[in-house]
file target.txt (compact mmCIF, C-alpha atoms and all ligand atoms)
# COMPACT_ATOMS: atom_id res chain seq x y z
CA MET A 1 109.21 80.27 165.12
CA THR A 2 108.37 78.73 168.49
CA THR A 3 105.45 76.36 168.20
CA TYR A 4 103.16 75.42 171.04
CA ARG A 5 101.71 71.92 171.33
CA VAL A 6 98.06 72.05 172.31
CA GLY A 7 96.39 68.89 173.61
CA TYR A 8 92.66 69.22 173.18
CA PHE A 9 89.80 67.42 174.90
CA VAL A 10 86.42 66.95 173.25
CA GLY A 11 84.03 66.42 176.15
CA SER A 12 81.54 64.39 174.09
CA LEU A 13 81.66 60.71 173.15
CA SER A 14 78.94 61.17 170.53
CA SER A 15 79.76 60.04 166.99
CA THR A 16 77.89 63.12 165.75
CA SER A 17 79.29 65.56 168.30
CA ILE A 18 78.76 69.23 167.52
CA ASN A 19 81.67 69.99 169.85
CA ARG A 20 83.96 67.86 167.67
CA THR A 21 82.74 69.90 164.71
CA LEU A 22 83.57 73.06 166.67
CA SER A 23 87.04 71.67 167.42
CA LYS A 24 87.70 71.38 163.68
CA ALA A 25 86.77 75.03 163.16
CA LEU A 26 88.99 76.13 166.06
CA ILE A 27 91.96 74.22 164.68
CA ARG A 28 91.41 75.67 161.22
CA LEU A 29 91.21 79.23 162.54
CA ALA A 30 94.09 78.99 165.04
CA PRO A 31 97.40 80.81 164.61
CA ASP A 32 100.05 78.83 162.72
CA ASP A 33 102.27 78.41 165.74
CA LEU A 34 99.75 76.20 167.54
CA GLU A 35 99.94 72.43 166.84
CA PHE A 36 97.00 70.31 167.90
CA SER A 37 96.62 66.70 169.09
CA GLU A 38 93.44 65.28 170.52
CA ILE A 39 93.72 63.69 173.96
CA PRO A 40 91.16 60.88 173.85
CA ILE A 41 88.94 60.18 176.86
CA GLY A 42 86.54 57.51 175.60
CA ASP A 43 88.47 54.37 176.60
CA LEU A 44 89.29 55.32 180.17
CA PRO A 45 87.79 53.11 182.88
CA LEU A 46 85.99 54.88 185.69
CA TYR A 47 88.57 56.33 188.06
CA SER A 48 89.09 54.78 191.49
CA PRO A 49 91.88 55.43 193.99
CA ASP A 50 92.41 51.67 193.89
CA TYR A 51 94.30 52.30 190.64
CA ASP A 52 96.70 54.83 192.12
CA ALA A 53 99.50 52.33 192.71
CA ASP A 54 99.19 50.88 189.23
CA TYR A 55 97.55 53.05 186.56
CA PRO A 56 96.11 51.18 183.53
CA PRO A 57 97.64 51.87 180.08
CA GLU A 58 94.80 54.19 178.98
CA ALA A 59 95.32 56.41 182.00
CA LEU A 60 99.11 56.40 181.63
CA ALA A 61 98.63 57.42 177.99
CA LEU A 62 96.37 60.27 179.12
CA LYS A 63 98.95 61.59 181.56
CA GLU A 64 101.75 61.22 179.02
CA ALA A 65 99.73 63.13 176.41
CA ILE A 66 99.19 66.01 178.82
CA ALA A 67 102.87 65.98 179.81
CA ALA A 68 103.77 66.23 176.12
CA SER A 69 101.49 69.27 175.69
CA ASP A 70 102.42 72.91 176.27
CA ALA A 71 98.75 73.76 176.85
CA VAL A 72 95.31 72.20 176.93
CA LEU A 73 92.02 73.25 175.33
CA PHE A 74 88.64 71.89 176.46
CA ILE A 75 85.77 71.86 173.96
CA THR A 76 82.78 70.52 175.81
CA PRO A 77 79.03 70.09 175.72
CA GLU A 78 76.83 70.85 178.70
CA TYR A 79 75.12 67.83 180.29
CA ASN A 80 72.40 68.64 182.81
CA ARG A 81 73.89 72.07 183.45
CA SER A 82 77.36 70.64 184.17
CA ILE A 83 80.30 68.73 182.67
CA PRO A 84 79.77 65.38 180.91
CA GLY A 85 80.77 62.50 183.17
CA ALA A 86 83.35 61.20 180.68
CA LEU A 87 85.22 64.51 180.81
CA LYS A 88 85.13 64.74 184.59
CA ASN A 89 86.40 61.16 184.77
CA ALA A 90 89.33 62.04 182.50
CA ILE A 91 90.19 65.07 184.62
CA ASP A 92 90.04 62.97 187.79
CA TRP A 93 92.46 60.45 186.27
CA ALA A 94 94.84 63.20 185.16
CA SER A 95 94.77 64.91 188.56
CA ARG A 96 95.99 61.81 190.39
CA PRO A 97 97.87 59.99 191.96
CA TRP A 98 98.14 62.62 194.70
CA GLY A 99 101.17 64.83 194.08
CA GLN A 100 101.25 63.99 190.35
CA ASN A 101 98.54 66.34 189.10
CA SER A 102 99.05 66.62 185.34
CA PHE A 103 97.31 70.02 185.16
CA ASP A 104 99.51 71.83 187.65
CA HIS A 105 100.38 75.24 186.11
CA ILE A 106 99.36 74.19 182.59
CA PRO A 107 97.95 76.93 180.32
CA ALA A 108 94.29 76.08 179.61
CA ALA A 109 91.15 77.38 177.95
CA VAL A 110 87.54 76.25 177.79
CA ILE A 111 84.90 76.61 175.10
CA GLY A 112 81.75 74.71 174.18
CA ALA A 113 78.75 74.51 171.89
CA SER A 114 75.13 73.61 172.35
CA ALA A 115 72.00 74.12 170.30
CA GLY A 116 70.50 76.08 173.19
CA GLN A 117 70.72 79.78 173.98
CA ILE A 118 73.21 79.62 176.85
CA GLY A 119 75.83 77.79 174.78
CA THR A 120 77.30 75.63 177.61
CA ALA A 121 77.78 78.56 180.00
CA LEU A 122 76.97 76.50 183.07
CA ALA A 123 79.10 73.55 181.98
CA GLN A 124 81.98 75.95 181.48
CA GLN A 125 81.50 77.41 184.94
CA SER A 126 81.63 73.90 186.39
CA LEU A 127 84.70 73.08 184.34
CA ARG A 128 86.42 76.29 185.39
CA ALA A 129 85.88 75.42 189.05
CA VAL A 130 87.40 71.98 188.54
CA LEU A 131 90.38 73.32 186.58
CA SER A 132 90.89 76.01 189.20
CA PHE A 133 91.26 73.35 191.89
CA CYS A 134 93.63 71.48 189.57
CA ASN A 135 95.76 74.65 189.40
CA ALA A 136 95.52 75.00 185.64
CA ARG A 137 96.28 78.55 184.42
CA GLN A 138 93.05 79.40 182.66
CA MET A 139 92.39 82.04 180.07
CA THR A 140 89.63 84.14 181.66
CA ALA A 141 88.70 86.25 178.64
CA PRO A 142 87.33 86.08 176.09
CA GLU A 143 84.62 83.67 177.17
CA ALA A 144 83.05 81.67 174.34
CA TYR A 145 79.53 80.28 174.56
CA ILE A 146 78.76 78.95 171.12
CA ARG A 147 75.23 78.43 169.90
CA PHE A 148 75.64 75.70 167.31
CA SER A 149 73.82 75.83 164.01
CA PRO A 150 74.46 73.25 161.25
CA GLU A 151 74.01 76.03 158.70
CA VAL A 152 77.05 77.82 160.16
CA PHE A 153 79.45 75.01 161.09
CA GLY A 154 80.59 72.56 158.41
CA ASP A 155 82.03 69.09 159.13
CA ASP A 156 85.27 70.20 157.48
CA GLY A 157 85.80 73.02 159.98
CA SER A 158 84.32 75.71 157.77
CA VAL A 159 82.32 78.55 159.34
CA ALA A 160 79.69 80.13 157.11
CA ASP A 161 79.03 83.19 159.27
CA ALA A 162 81.68 85.94 159.10
CA GLY A 163 80.97 87.31 162.58
CA THR A 164 81.28 83.85 164.15
CA GLU A 165 84.45 83.14 162.20
CA ASP A 166 85.99 86.45 163.32
CA PHE A 167 85.08 85.77 166.94
CA LEU A 168 86.56 82.25 166.91
CA THR A 169 89.70 83.52 165.17
CA ARG A 170 90.11 86.17 167.87
CA TYR A 171 89.45 83.59 170.59
CA MET A 172 92.24 81.34 169.27
CA GLY A 173 94.59 84.30 168.89
CA GLU A 174 93.94 85.28 172.51
CA PHE A 175 94.51 81.66 173.54
CA ARG A 176 97.85 81.63 171.76
CA ASP A 177 98.90 84.84 173.55
CA HIS A 178 97.72 83.40 176.88
CA VAL A 179 99.81 80.25 176.34
CA GLU A 180 102.89 82.32 175.56
CA ARG A 181 102.36 84.53 178.62
CA VAL A 182 101.91 81.62 181.01
CA LEU A 183 104.88 79.69 179.64
CA THR A 184 107.09 82.79 179.97
CA VAL A 185 106.77 82.65 183.73
CA LEU A 186 105.89 78.98 184.18
CA PRO A 187 107.84 76.99 181.58
CA ARG A 188 106.81 73.36 181.12
CA ALA A 189 109.39 70.89 182.45
C1 LIG B 1 72.06 67.52 176.92
N1 LIG B 1 71.94 68.75 176.28
C2 LIG B 1 72.00 69.92 177.01
N2 LIG B 1 72.12 71.14 176.39
C3 LIG B 1 72.25 72.27 177.13
O1 LIG B 1 72.37 73.34 176.57
N3 LIG B 1 72.28 72.21 178.50
C4 LIG B 1 72.15 71.03 179.19
O2 LIG B 1 72.20 71.02 180.40
C5 LIG B 1 72.02 69.84 178.42
N4 LIG B 1 71.92 68.63 179.04
C6 LIG B 1 72.04 67.47 178.32
C7 LIG B 1 72.19 66.25 178.98
C8 LIG B 1 72.39 65.09 178.26
C9 LIG B 1 72.61 63.79 178.97
C10 LIG B 1 72.42 65.15 176.84
C11 LIG B 1 72.67 63.89 176.03
C12 LIG B 1 72.26 66.34 176.19
C13 LIG B 1 71.85 68.83 174.82
C14 LIG B 1 73.24 68.96 174.23
O3 LIG B 1 73.61 70.32 174.18
C15 LIG B 1 73.26 68.39 172.82
O4 LIG B 1 72.95 67.00 172.90
C16 LIG B 1 74.62 68.57 172.16
O5 LIG B 1 74.54 68.06 170.84
C17 LIG B 1 75.72 67.86 172.94
O6 LIG B 1 76.97 68.13 172.37
P1 LIG B 1 77.72 67.04 171.44
O7 LIG B 1 77.69 65.72 172.16
O8 LIG B 1 76.91 66.95 170.14
O9 LIG B 1 79.08 67.60 171.25

call {"tool": "encode", "arguments": {"input": "target.txt", "output": "structure tokens", "more": "lines below"}}
Ligand code: FNR
result
Amino acid sequence: MTTYRVGYFVGSLSSTSINRTLSKALIRLAPDDLEFSEIPIGDLPLYSPDYDADYPPEALALKEAIAASDAVLFITPEYNRSIPGALKNAIDWASRPWGQNSFDHIPAAVIGASAGQIGTALAQQSLRAVLSFCNARQMTAPEAYIRFSPEVFGDDGSVADAGTEDFLTRYMGEFRDHVERVLTVLPRA
């Protein structure tokens, strides 16, 4: 069986992040041929082009982690109707130095949770625009705007609502198929 290595980004630095809880559910419900490693973003300095000639170790580790991944998955909160700054900073680091964009042609998907009704829809639109410029090959459907409830999502990745569990299982199955499709025509080096 071919396995696909998925590097995942949690867009929140919160120690009680609901998006980290969602990531556990997604990993639990994913097809067996997906292997997951988190790509951490919390220790990166703020990006500046001054670093381009000599990236710091945290940024080199970020780029190496993406290079070692067959695909990336973004699980992000919405901050002020957009992407959290820490996540945008990580993407900026990964997209540079010029000509060494780590996201070029990589299979990607976005998902996010909030307690509010729109479930990170606007953050995901912002993120999709950024990833589009970075030439990532995004899964366009299904979209997944998750309204988080602590009664539904357990810290261990359990999902207490059957409809939600079915939807997330289908989402991860579609992601797996998307990764396979993209890699068929755009194999990772
Ligand atoms: C928020 N929150 C929020 N929620 C939302 O649905 N739309 C928004 O635009 C915002 N904006 C926002 C800005 C900032 C600075 C904070 C701290 C929070 C609420 C947010 O959804 C909630 O805090 C989630 O718990 C964040 O996800 P994590 O960090 O728990 O994964």

call {"tool": "residues_near_ligand", "arguments": {"input": "target.txt", "ligand": "ligand LIG 1 (chain B)", "cutoff": "12 Å", "atoms": "all atoms listed in the file", "output": "MDAnalysis selection string"}}
result
chainID A and resid 9:23 74:87 111:124 126 145:150

call {"tool": "closest_atom_pairs", "arguments": {"input": "target.txt", "of": "segment 97-117 of chain A", "to": "segment 38-59 of chain A", "cutoff": "12 Å", "atoms": "all atoms listed in the file", "output": "CSV"}}
result
residue,atom,partner,partner_atom,distance
A:Pro97,CA,A:Asp52,CA,5.3
A:Trp98,CA,A:Asp52,CA,8.3
A:Gly99,CA,A:Asp52,CA,11.1
A:Gln100,CA,A:Asp52,CA,10.4
A:Ser102,CA,A:Ala59,CA,11.4

call {"tool": "write_last_selection", "arguments": {"input": "target.txt", "atoms": "C-alpha atoms", "output": "compact mmCIF listing (two decimals), keeping the file's coordinate frame"}}
result
# COMPACT_ATOMS: atom_id res chain seq x y z
CA PRO A 97 97.87 59.99 191.96
CA TRP A 98 98.14 62.62 194.70
CA GLY A 99 101.17 64.83 194.08
CA GLN A 100 101.25 63.99 190.35
CA SER A 102 99.05 66.62 185.34

call {"tool": "residues_around", "arguments": {"input": "target.txt", "residues": "segment 154-164 of chain A", "least_positions_apart": "3", "cutoff": "7 Å", "atoms": "only C-alpha atoms", "output": "list in words"}}
result
Thr21, Lys24, Ala25, Arg28, Pro150, Phe167 and Leu168 of chain A

call {"tool": "atom_distance", "arguments": {"input": "target.txt", "atom1": "atom CA of Ala108 of chain A", "atom2": "atom CA of Met172 of chain A"}}
result
11.8 Å

call {"tool": "closest_residue", "arguments": {"input": "target.txt", "among": "A:Trp93, A:Phe103, A:Ile27, A:Tyr8", "to": "Val72 of chain A", "atoms": "only C-alpha atoms"}}
result
A:Tyr8

call {"tool": "atom_distance", "arguments": {"input": "target.txt", "atom1": "atom CA of Arg5 of chain A", "atom2": "atom CA of Ser37 of chain A"}}
result
7.6 Å

call {"tool": "atom_distance", "arguments": {"input": "target.txt", "atom1": "atom CA of Ala136 of chain A", "atom2": "atom CA of Arg181 of chain A"}}
result
13.7 Å
